[in-house]
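Enquirer: Sharing coords_7.cif (mmCIF, C-alpha atoms (C1' of nucleotides); chains and numbers go by the auth columns) below.
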data_start
#
loop_
_atom_site.group_PDB
_atom_site.id
_atom_site.type_symbol
_atom_site.label_atom_id
_atom_site.label_comp_id
_atom_site.label_asym_id
_atom_site.label_seq_id
_atom_site.Cartn_x
_atom_site.Cartn_y
_atom_site.Cartn_z
_atom_site.B_iso_or_equiv
_atom_site.auth_seq_id
_atom_site.auth_asym_id
ATOM 1 C CA MET A 1 29.028 63.570 -15.158 0.00 1 A
ATOM 2 C CA ASP A 2 32.641 64.664 -15.455 0.00 2 A
ATOM 3 C CA ASN A 3 35.455 63.712 -13.145 0.00 3 A
ATOM 4 C CA ASN A 4 35.152 66.802 -11.000 0.00 4 A
ATOM 5 C CA ASP A 5 31.544 65.892 -10.197 0.00 5 A
ATOM 6 C CA LEU A 6 32.700 62.380 -9.330 0.00 6 A
ATOM 7 C CA TYR A 7 35.289 63.731 -6.935 0.00 7 A
ATOM 8 C CA VAL A 8 32.857 66.149 -5.322 0.00 8 A
ATOM 9 C CA ASN A 9 30.322 63.350 -4.886 0.00 9 A
ATOM 10 C CA ALA A 10 32.912 60.957 -3.494 0.00 10 A
ATOM 11 C CA ARG A 11 34.039 63.539 -0.926 0.00 11 A
ATOM 12 C CA GLU A 12 30.435 64.157 0.104 0.00 12 A
ATOM 13 C CA LEU A 13 29.868 60.403 0.409 0.00 13 A
ATOM 14 C CA GLN A 14 32.903 60.191 2.693 0.00 14 A
ATOM 15 C CA LYS A 15 31.492 62.893 4.968 0.00 15 A
ATOM 16 C CA GLN A 16 28.209 60.977 5.229 0.00 16 A
ATOM 17 C CA LEU A 17 29.857 57.600 5.798 0.00 17 A
ATOM 18 C CA ALA A 18 32.098 59.094 8.468 0.00 18 A
ATOM 19 C CA LYS A 19 29.010 59.524 10.634 0.00 19 A
ATOM 20 C CA LYS A 20 28.341 55.771 10.450 0.00 20 A
ATOM 21 C CA VAL A 21 31.808 54.650 11.497 0.00 21 A
ATOM 22 C CA ILE A 22 31.731 52.692 14.755 0.00 22 A
ATOM 23 C CA ILE A 23 34.856 53.492 16.755 0.00 23 A
ATOM 24 C CA LYS A 24 34.566 50.734 19.321 0.00 24 A
ATOM 25 C CA ASP A 25 34.934 46.972 19.420 0.00 25 A
ATOM 26 C CA ASP A 26 31.949 45.268 17.841 0.00 26 A
ATOM 27 C CA PHE A 27 33.017 41.742 16.900 0.00 27 A
ATOM 28 C CA ASP A 28 30.596 38.900 16.154 0.00 28 A
ATOM 29 C CA SER A 29 33.081 36.460 17.632 0.00 29 A
ATOM 30 C CA GLU A 30 36.552 36.232 19.108 0.00 30 A
ATOM 31 C CA ILE A 31 39.403 36.947 16.683 0.00 31 A
ATOM 32 C CA GLU A 32 40.693 33.666 15.288 0.00 32 A
ATOM 33 C CA PHE A 33 41.607 34.678 11.740 0.00 33 A
ATOM 34 C CA VAL A 34 42.751 38.025 10.341 0.00 34 A
ATOM 35 C CA CYS A 35 42.659 39.027 6.681 0.00 35 A
ATOM 36 C CA GLY A 36 44.889 41.561 4.898 0.00 36 A
ATOM 37 C CA VAL A 37 44.473 42.991 1.378 0.00 37 A
ATOM 38 C CA ASP A 38 46.880 44.911 -0.837 0.00 38 A
ATOM 39 C CA VAL A 39 46.850 46.121 -4.441 0.00 39 A
ATOM 40 C CA SER A 40 49.771 46.437 -6.857 0.00 40 A
ATOM 41 C CA TYR A 41 49.853 48.021 -10.297 0.00 41 A
ATOM 42 C CA LYS A 42 51.479 47.094 -13.557 0.00 42 A
ATOM 43 C CA LYS A 43 50.752 48.848 -16.836 0.00 43 A
ATOM 44 C CA ASN A 44 46.966 49.269 -16.827 0.00 44 A
ATOM 45 C CA ILE A 45 46.282 46.335 -14.543 0.00 45 A
ATOM 46 C CA ALA A 46 45.582 46.272 -10.829 0.00 46 A
ATOM 47 C CA GLN A 47 46.445 43.004 -9.108 0.00 47 A
ATOM 48 C CA CYS A 48 44.938 42.541 -5.668 0.00 48 A
ATOM 49 C CA SER A 49 45.677 39.816 -3.130 0.00 49 A
ATOM 50 C CA ALA A 50 43.857 38.922 0.071 0.00 50 A
ATOM 51 C CA VAL A 51 45.534 36.765 2.697 0.00 51 A
ATOM 52 C CA ILE A 52 44.013 35.120 5.770 0.00 52 A
ATOM 53 C CA VAL A 53 46.310 34.156 8.622 0.00 53 A
ATOM 54 C CA LYS A 54 45.566 32.361 11.866 0.00 54 A
ATOM 55 C CA TYR A 55 45.707 34.937 14.653 0.00 55 A
ATOM 56 C CA ASN A 56 47.699 32.937 17.180 0.00 56 A
ATOM 57 C CA SER A 57 50.218 31.243 14.872 0.00 57 A
ATOM 58 C CA LEU A 58 50.372 33.675 11.905 0.00 58 A
ATOM 59 C CA GLU A 59 50.111 30.649 9.647 0.00 59 A
ATOM 60 C CA THR A 60 48.716 31.536 6.198 0.00 60 A
ATOM 61 C CA VAL A 61 45.495 29.631 5.635 0.00 61 A
ATOM 62 C CA GLU A 62 44.226 31.154 2.377 0.00 62 A
ATOM 63 C CA VAL A 63 45.443 33.397 -0.454 0.00 63 A
ATOM 64 C CA VAL A 64 43.311 34.706 -3.329 0.00 64 A
ATOM 65 C CA THR A 65 44.193 37.138 -6.099 0.00 65 A
ATOM 66 C CA SER A 66 42.350 39.034 -8.817 0.00 66 A
ATOM 67 C CA LYS A 67 43.368 41.160 -11.767 0.00 67 A
ATOM 68 C CA SER A 68 41.261 44.098 -12.924 0.00 68 A
ATOM 69 C CA ASN A 69 41.469 47.255 -14.987 0.00 69 A
ATOM 70 C CA ILE A 70 42.580 50.412 -13.215 0.00 70 A
ATOM 71 C CA GLU A 71 39.553 52.684 -13.122 0.00 71 A
ATOM 72 C CA SER A 72 40.886 55.713 -11.287 0.00 72 A
ATOM 73 C CA PRO A 73 44.134 57.637 -10.865 0.00 73 A
ATOM 74 C CA TYR A 74 45.683 57.990 -7.434 0.00 74 A
ATOM 75 C CA ILE A 75 44.256 61.044 -5.693 0.00 75 A
ATOM 76 C CA PRO A 76 45.266 61.689 -2.064 0.00 76 A
ATOM 77 C CA GLY A 77 42.142 61.445 0.087 0.00 77 A
ATOM 78 C CA LEU A 78 40.154 59.637 -2.609 0.00 78 A
ATOM 79 C CA PHE A 79 41.856 56.292 -2.422 0.00 79 A
ATOM 80 C CA ILE A 80 38.486 54.549 -2.360 0.00 80 A
ATOM 81 C CA LEU A 81 37.946 55.335 -6.052 0.00 81 A
ATOM 82 C CA ARG A 82 41.105 53.489 -7.004 0.00 82 A
ATOM 83 C CA GLU A 83 41.196 50.504 -4.664 0.00 83 A
ATOM 84 C CA SER A 84 37.734 49.706 -3.303 0.00 84 A
ATOM 85 C CA ASN A 85 36.489 47.755 -6.326 0.00 85 A
ATOM 86 C CA PRO A 86 39.605 45.599 -6.777 0.00 86 A
ATOM 87 C CA ILE A 87 39.456 44.820 -3.059 0.00 87 A
ATOM 88 C CA LEU A 88 35.743 43.948 -3.086 0.00 88 A
ATOM 89 C CA LEU A 89 36.218 41.659 -6.084 0.00 89 A
ATOM 90 C CA THR A 90 39.087 39.905 -4.371 0.00 90 A
ATOM 91 C CA LEU A 91 37.418 39.399 -1.010 0.00 91 A
ATOM 92 C CA LYS A 92 34.541 37.627 -2.760 0.00 92 A
ATOM 93 C CA LEU A 93 36.951 34.883 -3.769 0.00 93 A
ATOM 94 C CA LEU A 94 37.746 33.973 -0.174 0.00 94 A
ATOM 95 C CA LYS A 95 36.126 30.785 1.072 0.00 95 A
ATOM 96 C CA LYS A 96 37.284 30.860 4.677 0.00 96 A
ATOM 97 C CA PRO A 97 35.985 33.188 7.396 0.00 97 A
ATOM 98 C CA PHE A 98 37.889 35.908 9.245 0.00 98 A
ATOM 99 C CA GLN A 99 36.944 38.299 12.031 0.00 99 A
ATOM 100 C CA LEU A 100 39.068 41.350 11.185 0.00 100 A
ATOM 101 C CA LEU A 101 40.193 42.959 7.945 0.00 101 A
ATOM 102 C CA LEU A 102 43.424 44.950 7.635 0.00 102 A
ATOM 103 C CA ILE A 103 43.552 47.556 4.887 0.00 103 A
ATOM 104 C CA ASP A 104 46.633 49.067 3.300 0.00 104 A
ATOM 105 C CA GLY A 105 45.704 52.720 3.955 0.00 105 A
ATOM 106 C CA HIS A 106 44.112 54.932 6.579 0.00 106 A
ATOM 107 C CA GLY A 107 40.867 54.616 8.515 0.00 107 A
ATOM 108 C CA ILE A 108 39.516 57.691 10.313 0.00 108 A
ATOM 109 C CA LEU A 109 42.982 59.262 10.153 0.00 109 A
ATOM 110 C CA HIS A 110 41.735 61.106 7.108 0.00 110 A
ATOM 111 C CA PRO A 111 40.667 64.699 6.217 0.00 111 A
ATOM 112 C CA ARG A 112 37.008 63.647 6.147 0.00 112 A
ATOM 113 C CA ARG A 113 37.405 60.865 8.742 0.00 113 A
ATOM 114 C CA CYS A 114 36.672 58.256 6.103 0.00 114 A
ATOM 115 C CA GLY A 115 39.693 56.566 4.567 0.00 115 A
ATOM 116 C CA LEU A 116 39.644 53.347 2.562 0.00 116 A
ATOM 117 C CA ALA A 117 39.532 51.192 5.716 0.00 117 A
ATOM 118 C CA CYS A 118 36.332 52.936 6.882 0.00 118 A
ATOM 119 C CA TYR A 119 34.741 52.602 3.470 0.00 119 A
ATOM 120 C CA MET A 120 35.476 48.879 3.301 0.00 120 A
ATOM 121 C CA GLY A 121 34.267 48.323 6.859 0.00 121 A
ATOM 122 C CA ILE A 122 30.948 50.085 6.338 0.00 122 A
ATOM 123 C CA THR A 123 30.398 48.555 2.905 0.00 123 A
ATOM 124 C CA LEU A 124 31.005 45.020 4.166 0.00 124 A
ATOM 125 C CA ASP A 125 29.702 45.723 7.698 0.00 125 A
ATOM 126 C CA ILE A 126 32.741 44.128 9.319 0.00 126 A
ATOM 127 C CA PRO A 127 35.542 45.251 11.668 0.00 127 A
ATOM 128 C CA THR A 128 38.426 46.842 9.741 0.00 128 A
ATOM 129 C CA VAL A 129 41.705 48.521 10.665 0.00 129 A
ATOM 130 C CA GLY A 130 43.658 51.032 8.592 0.00 130 A
ATOM 131 C CA VAL A 131 47.396 50.386 8.376 0.00 131 A
ATOM 132 C CA ALA A 132 49.359 52.985 6.394 0.00 132 A
ATOM 133 C CA LYS A 133 53.071 53.441 5.764 0.00 133 A
ATOM 134 C CA SER A 134 52.963 57.219 5.550 0.00 134 A
ATOM 135 C CA LEU A 135 50.938 60.035 7.032 0.00 135 A
ATOM 136 C CA LEU A 136 48.146 61.702 5.086 0.00 136 A
ATOM 137 C CA TYR A 137 46.658 63.871 7.803 0.00 137 A
ATOM 138 C CA GLY A 138 47.320 65.031 11.344 0.00 138 A
ATOM 139 C CA SER A 139 50.556 65.064 13.295 0.00 139 A
ATOM 140 C CA VAL A 140 52.398 62.608 15.514 0.00 140 A
ATOM 141 C CA GLN A 141 52.598 63.446 19.218 0.00 141 A
ATOM 142 C CA GLU A 142 55.446 62.581 21.556 0.00 142 A
ATOM 143 C CA ASN A 143 53.377 59.739 22.979 0.00 143 A
ATOM 144 C CA GLY A 144 52.875 58.183 19.549 0.00 144 A
ATOM 145 C CA PHE A 145 49.251 59.124 19.088 0.00 145 A
ATOM 146 C CA VAL A 146 48.319 60.979 15.920 0.00 146 A
ATOM 147 C CA LYS A 147 46.111 63.995 16.398 0.00 147 A
ATOM 148 C CA TYR A 148 44.463 66.698 14.359 0.00 148 A
ATOM 149 C CA ASN A 149 44.003 69.627 16.673 0.00 149 A
ATOM 150 C CA LYS A 150 42.744 67.983 19.878 0.00 150 A
ATOM 151 C CA GLU A 151 41.271 64.955 18.171 0.00 151 A
ATOM 152 C CA VAL A 152 43.044 61.602 18.532 0.00 152 A
ATOM 153 C CA LEU A 153 42.637 59.795 15.215 0.00 153 A
ATOM 154 C CA GLY A 154 45.372 57.173 15.187 0.00 154 A
ATOM 155 C CA TYR A 155 48.616 55.836 16.541 0.00 155 A
ATOM 156 C CA SER A 156 52.114 55.507 15.111 0.00 156 A
ATOM 157 C CA ILE A 157 54.033 52.304 15.700 0.00 157 A
ATOM 158 C CA LYS A 158 57.773 52.708 15.361 0.00 158 A
ATOM 159 C CA ARG A 159 59.587 49.510 14.509 0.00 159 A
ATOM 160 C CA ASP A 160 62.952 51.069 13.775 0.00 160 A
ATOM 161 C CA GLU A 161 64.657 53.872 15.680 0.00 161 A
ATOM 162 C CA HIS A 162 66.695 55.093 12.720 0.00 162 A
ATOM 163 C CA LEU A 163 64.955 54.315 9.443 0.00 163 A
ATOM 164 C CA LYS A 164 61.489 55.403 8.444 0.00 164 A
ATOM 165 C CA LYS A 165 59.966 52.135 9.528 0.00 165 A
ATOM 166 C CA ILE A 166 56.818 53.598 10.966 0.00 166 A
ATOM 167 C CA ILE A 167 53.236 52.489 10.420 0.00 167 A
ATOM 168 C CA TYR A 168 50.121 54.487 11.203 0.00 168 A
ATOM 169 C CA VAL A 169 47.168 52.618 12.665 0.00 169 A
ATOM 170 C CA SER A 170 43.623 53.926 12.808 0.00 170 A
ATOM 171 C CA THR A 171 40.098 52.608 13.246 0.00 171 A
ATOM 172 C CA GLY A 172 38.411 51.502 10.066 0.00 172 A
ATOM 173 C CA HIS A 173 35.102 50.303 11.487 0.00 173 A
ATOM 174 C CA LYS A 174 33.752 48.359 14.473 0.00 174 A
ATOM 175 C CA VAL A 175 37.073 48.314 16.306 0.00 175 A
ATOM 176 C CA SER A 176 38.651 50.539 18.953 0.00 176 A
ATOM 177 C CA LEU A 177 42.022 52.169 18.494 0.00 177 A
ATOM 178 C CA SER A 178 43.504 50.269 21.440 0.00 178 A
ATOM 179 C CA THR A 179 42.354 46.918 20.052 0.00 179 A
ATOM 180 C CA SER A 180 43.674 47.899 16.631 0.00 180 A
ATOM 181 C CA ILE A 181 47.083 48.706 18.054 0.00 181 A
ATOM 182 C CA GLY A 182 47.172 45.476 20.039 0.00 182 A
ATOM 183 C CA VAL A 183 46.227 43.301 17.082 0.00 183 A
ATOM 184 C CA VAL A 184 48.656 44.978 14.698 0.00 184 A
ATOM 185 C CA ARG A 185 51.473 44.561 17.208 0.00 185 A
ATOM 186 C CA SER A 186 50.733 40.921 17.859 0.00 186 A
ATOM 187 C CA ILE A 187 50.541 39.904 14.199 0.00 187 A
ATOM 188 C CA THR A 188 53.733 41.690 13.162 0.00 188 A
ATOM 189 C CA LYS A 189 56.638 39.231 13.184 0.00 189 A
ATOM 190 C CA ILE A 190 59.894 40.037 14.936 0.00 190 A
ATOM 191 C CA GLY A 191 62.193 41.864 12.529 0.00 191 A
ATOM 192 C CA GLU A 192 59.308 42.851 10.262 0.00 192 A
ATOM 193 C CA TRP A 193 57.405 46.107 10.361 0.00 193 A
ATOM 194 C CA ILE A 194 54.323 45.224 8.344 0.00 194 A
ATOM 195 C CA PRO A 195 51.666 42.994 9.971 0.00 195 A
ATOM 196 C CA GLU A 196 51.860 39.480 8.511 0.00 196 A
ATOM 197 C CA PRO A 197 48.677 39.297 6.431 0.00 197 A
ATOM 198 C CA LEU A 198 49.479 42.630 4.758 0.00 198 A
ATOM 199 C CA ARG A 199 53.114 41.672 4.252 0.00 199 A
ATOM 200 C CA ILE A 200 52.138 38.453 2.476 0.00 200 A
ATOM 201 C CA ALA A 201 49.399 40.200 0.493 0.00 201 A
ATOM 202 C CA ASP A 202 51.927 42.805 -0.668 0.00 202 A
ATOM 203 C CA ILE A 203 54.299 40.110 -1.899 0.00 203 A
ATOM 204 C CA ARG A 204 51.604 38.102 -3.644 0.00 204 A
ATOM 205 C CA SER A 205 49.981 41.138 -5.282 0.00 205 A
ATOM 206 C CA LYS A 206 53.316 42.065 -6.857 0.00 206 A
ATOM 207 C CA ASP A 207 53.905 38.582 -8.207 0.00 207 A
ATOM 208 C CA TYR A 208 52.422 38.946 -11.681 0.00 208 A
ATOM 209 C CA ASP A 209 54.034 35.728 -12.940 0.00 209 A
ATOM 210 C CA ASN A 210 52.664 33.412 -10.258 0.00 210 A
ATOM 211 C CA LYS A 211 50.212 30.995 -11.892 0.00 211 A
ATOM 212 C CA GLU A 212 48.549 30.566 -8.510 0.00 212 A
ATOM 213 C CA ASN A 213 47.529 34.210 -8.857 0.00 213 A
ATOM 214 C CA ASP A 214 45.545 33.679 -12.066 0.00 214 A
ATOM 215 C CA GLN A 215 42.123 33.382 -10.490 0.00 215 A
ATOM 216 C CA PHE A 216 40.296 35.947 -12.598 0.00 216 A
ATOM 217 C CA TRP A 217 40.611 39.131 -14.532 0.00 217 A
ATOM 218 C CA SER A 218 37.780 41.650 -14.776 0.00 218 A
ATOM 219 C CA PHE A 219 36.707 45.062 -15.930 0.00 219 A
ATOM 220 C CA THR A 220 33.719 47.271 -15.292 0.00 220 A
ATOM 221 C CA ILE A 221 31.514 49.180 -17.730 0.00 221 A
ATOM 222 C CA ASN A 222 28.639 51.341 -16.510 0.00 222 A
ATOM 223 C CA ASP A 223 28.407 49.673 -13.142 0.00 223 A
ATOM 224 C CA THR A 224 28.566 46.180 -14.580 0.00 224 A
ATOM 225 C CA THR A 225 31.565 44.021 -13.802 0.00 225 A
ATOM 226 C CA ILE A 226 32.689 41.448 -16.328 0.00 226 A
ATOM 227 C CA ARG A 227 34.769 38.618 -14.930 0.00 227 A
ATOM 228 C CA PHE A 228 36.877 36.037 -16.764 0.00 228 A
ATOM 229 C CA LEU A 229 37.430 33.009 -14.630 0.00 229 A
ATOM 230 C "C1'" DG B 1 47.751 81.994 -2.851 0.00 1 B
ATOM 231 C "C1'" DC B 2 51.020 78.110 -1.297 0.00 2 B
ATOM 232 C "C1'" DG B 3 52.246 73.662 0.228 0.00 3 B
ATOM 233 C "C1'" DA B 4 51.029 68.960 1.508 0.00 4 B
ATOM 234 C "C1'" DC B 5 49.240 64.787 -0.164 0.00 5 B
ATOM 235 C "C1'" DA B 6 47.203 56.870 2.000 0.00 6 B
ATOM 236 C "C1'" DG B 7 49.152 53.889 -2.755 0.00 7 B
ATOM 237 C "C1'" DA C 1 52.305 52.502 -6.439 0.00 1 C
ATOM 238 C "C1'" DT C 2 56.333 52.216 -10.074 0.00 2 C
ATOM 239 C "C1'" DC C 3 60.731 53.532 -12.392 0.00 3 C
ATOM 240 C "C1'" DT C 4 65.852 52.252 -11.149 0.00 4 C
ATOM 241 C "C1'" DT C 5 72.399 52.107 -9.742 0.00 5 C
ATOM 242 C "C1'" DG C 6 75.002 52.114 -6.742 0.00 6 C
ATOM 243 C "C1'" DT C 7 75.521 52.204 -1.955 0.00 7 C
ATOM 244 C "C1'" DC C 8 75.041 52.249 3.292 0.00 8 C
ATOM 245 C "C1'" DG C 9 74.390 49.246 7.180 0.00 9 C
ATOM 246 C "C1'" DC C 10 73.392 45.008 9.879 0.00 10 C
#
With the file now loaded, output its structure as structure tokens.
Expert:
Amino acid sequence: MDNNDLYVNARELQKQLAKKVIIKDDFDSEIEFVCGVDVSYKKNIAQCSAVIVKYNSLETVEVVTSKSNIESPYIPGLFILRESNPILLTLKLLKKPFQLLLIDGHGILHPRRCGLACYMGITLDIPTVGVAKSLLYGSVQENGFVKYNKEVLGYSIKRDEHLKKIIYVSTGHKVSLSTSIGVVRSITKIGEWIPEPLRIADIRSKDYDNKENDQFWSFTINDTTIRFL
DNA sequence: GCGACAG
DNA sequence: ATCTTGTCGC
């Protein structure tokens, strides 16, 4: 199977998964901890960090990091091919529970209504929210909502009147847009524009020299992942 | 055909 | 995302 087949299959998978996305609140329990994941790249290595913060205090309670080989180029709309595996590997390292996962990318605000946040939510069967720093699809309305034609797919939160400090929030899975907006707002510190767990995950994922980040390195061959602890 | 395009 | 100098603004 060549790469074009892979891309065609991935796009078809997205269309199918889009039908399974639950765009309403469906939490097992009240939100007490929120997790954020982000991936950074250096040479041929992807370093991914996941951070859990306490919802009411924003205190960081756990940080885990993994290194893995980059297995896909960046293709707009097919972010799942590049980041889903590093993220899945990293989340497995977490020992503490969380009720909501924030993803660095879009949810249903996507050409096929299935961005990385939706994919992670359906794969893990947990509530997820997409938080992106730039727009991939649709257009921003005067009221802040992002639409494609008549369809409301997300919301833009403006933290800075002058600079481009705007984030785009959309449902990943098992969470409503209004809840997503509320949570993102409440876990973004004053003066910051990125919600705390994602902000910390971004910093930690870029810190390639932090010994605390050396939890494991892995690569995948024919569907088999090799991990070096 | 042309432009736009999460990180 | 990453590569990168000086520079604008709080």
Enquirer: Atom CA of Leu93 of chain A to atom CA of Ser205 of chain A: how many Å, to one decimal?
Expert: 14.5 Å
Enquirer: Need to verify the contact set: segment 191-202 of chain A, 10 Å, only C-alpha atoms (C1' of nucleotides), exclusion of same-chain residues closer than 3 positions in sequence. Can you return it as a PyMOL selection string?
Expert: chain A and resi 33-40+48-55+58-60+63-65+101-104+131-133+157-160+165-167+183-188+205-207
Enquirer: Return the neighbours of chain A among the residues of chain B, cut-off 8 Å, counting only C-alpha atoms (C1' of nucleotides), as a PDB file with C-alpha atoms (C1' of nucleotides), keeping the file's coordinate frame.
Expert:
ATOM      1  C1'  DC B   5      49.240  64.787  -0.164  1.00  0.00           C
ATOM      2  C1'  DA B   6      47.203  56.870   2.000  1.00  0.00           C
ATOM      3  C1'  DG B   7      49.152  53.889  -2.755  1.00  0.00           C
TER       4       DG B   7
END
Enquirer: Name every residue that the PyMOL selection byres ((chain A and resi 67) around 10) selects in this structure, writing the answer as a list of chain:residue names with chains first and numbers rising.
Expert: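 Selection result, ordered by chain and number: A:Val39, A:Ser40, A:Tyr41, A:Ile45, A:Ala46, A:Gln47, A:Cys48, A:Ser49, A:Thr65, A:Ser66, A:Ser68, A:Asn69, A:Ile70, A:Pro86, A:Leu89, A:Thr90, A:Ser205, A:Tyr208, A:Asn213, A:Asp214, A:Gln215, A:Phe216, A:Trp217, A:Ser218, A:Phe219, A:Arg227, A:Phe228.
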Enquirer: As an exercise, work out the distance from atom CA of Ile126 of chain A to atom CA of Val169 of chain A in Å and give it to one decimal place.
Expert: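 So the two atoms, atom CA of Ile126 of chain A and atom CA of Val169 of chain A, lie 17.1 Å apart.
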Enquirer: To one decimal place in Å, what is the distance between atom CA of Tyr7 of chain A and atom CA of Ser72 of chain A?
Expert: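 If I compute the distance from atom CA of Tyr7 of chain A to atom CA of Ser72 of chain A, I get 10.7 Å.
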Enquirer: Measuring atom to atom with only C-alpha atoms (C1' of nucleotides), identify which of A:Ile122, A:Gln16, A:Phe27, A:Lys43 is nearest to chain C.
Expert: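 Checking each candidate against chain C, we get A:Lys43 as the closest.
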Enquirer: Counting all atoms listed in the file, which residue out of A:Asn9, A:Lys42, A:Leu81, A:Asn3 sits closest to chain C?
Expert: A:Lys42
Enquirer: Here is a test: counting all atoms listed in the file, which residue of A:Asp2, A:Asn44, A:Lys24, A:Thr179 is nearest to chain C?
Expert: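 When distances to chain C are compared using all atoms listed in the file, the smallest one comes from A:Asn44.
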Enquirer: Any chance you could resolve the PyMOL selection byres ((chain A and resi 150) around 12) against this file and give the residues as a PyMOL selection string?
Expert: chain A and resi 138-141+145-149+151-153
Enquirer: Nearest to chain C: which of A:Pro73, A:Leu124, A:Asn143, A:Val61 is it, counting all atoms listed in the file?
Expert: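 Closest to chain C of all the choices is A:Pro73.
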Enquirer: Could you give me the axis-aligned bounding box of segment 74-89 of chain A, with 5 Å of padding per side, as centre plus edge lengths in Å to one decimal, as JSON?
Expert:
{"center_x": 40.7, "center_y": 51.7, "center_z": -3.7, "size_x": 19.9, "size_y": 30.0, "size_z": 17.5}
Enquirer: For this structure, which residues satisfy the selection - the PyMOL selection byres ((chain A and resi 121) around 12) - when it is evaluated on the file as given? I want them as a ChimeraX atom specification.
Expert: /A:17-18,20-23,26,80,84,87-88,99-103,106-108,114-120,122-130,171-175
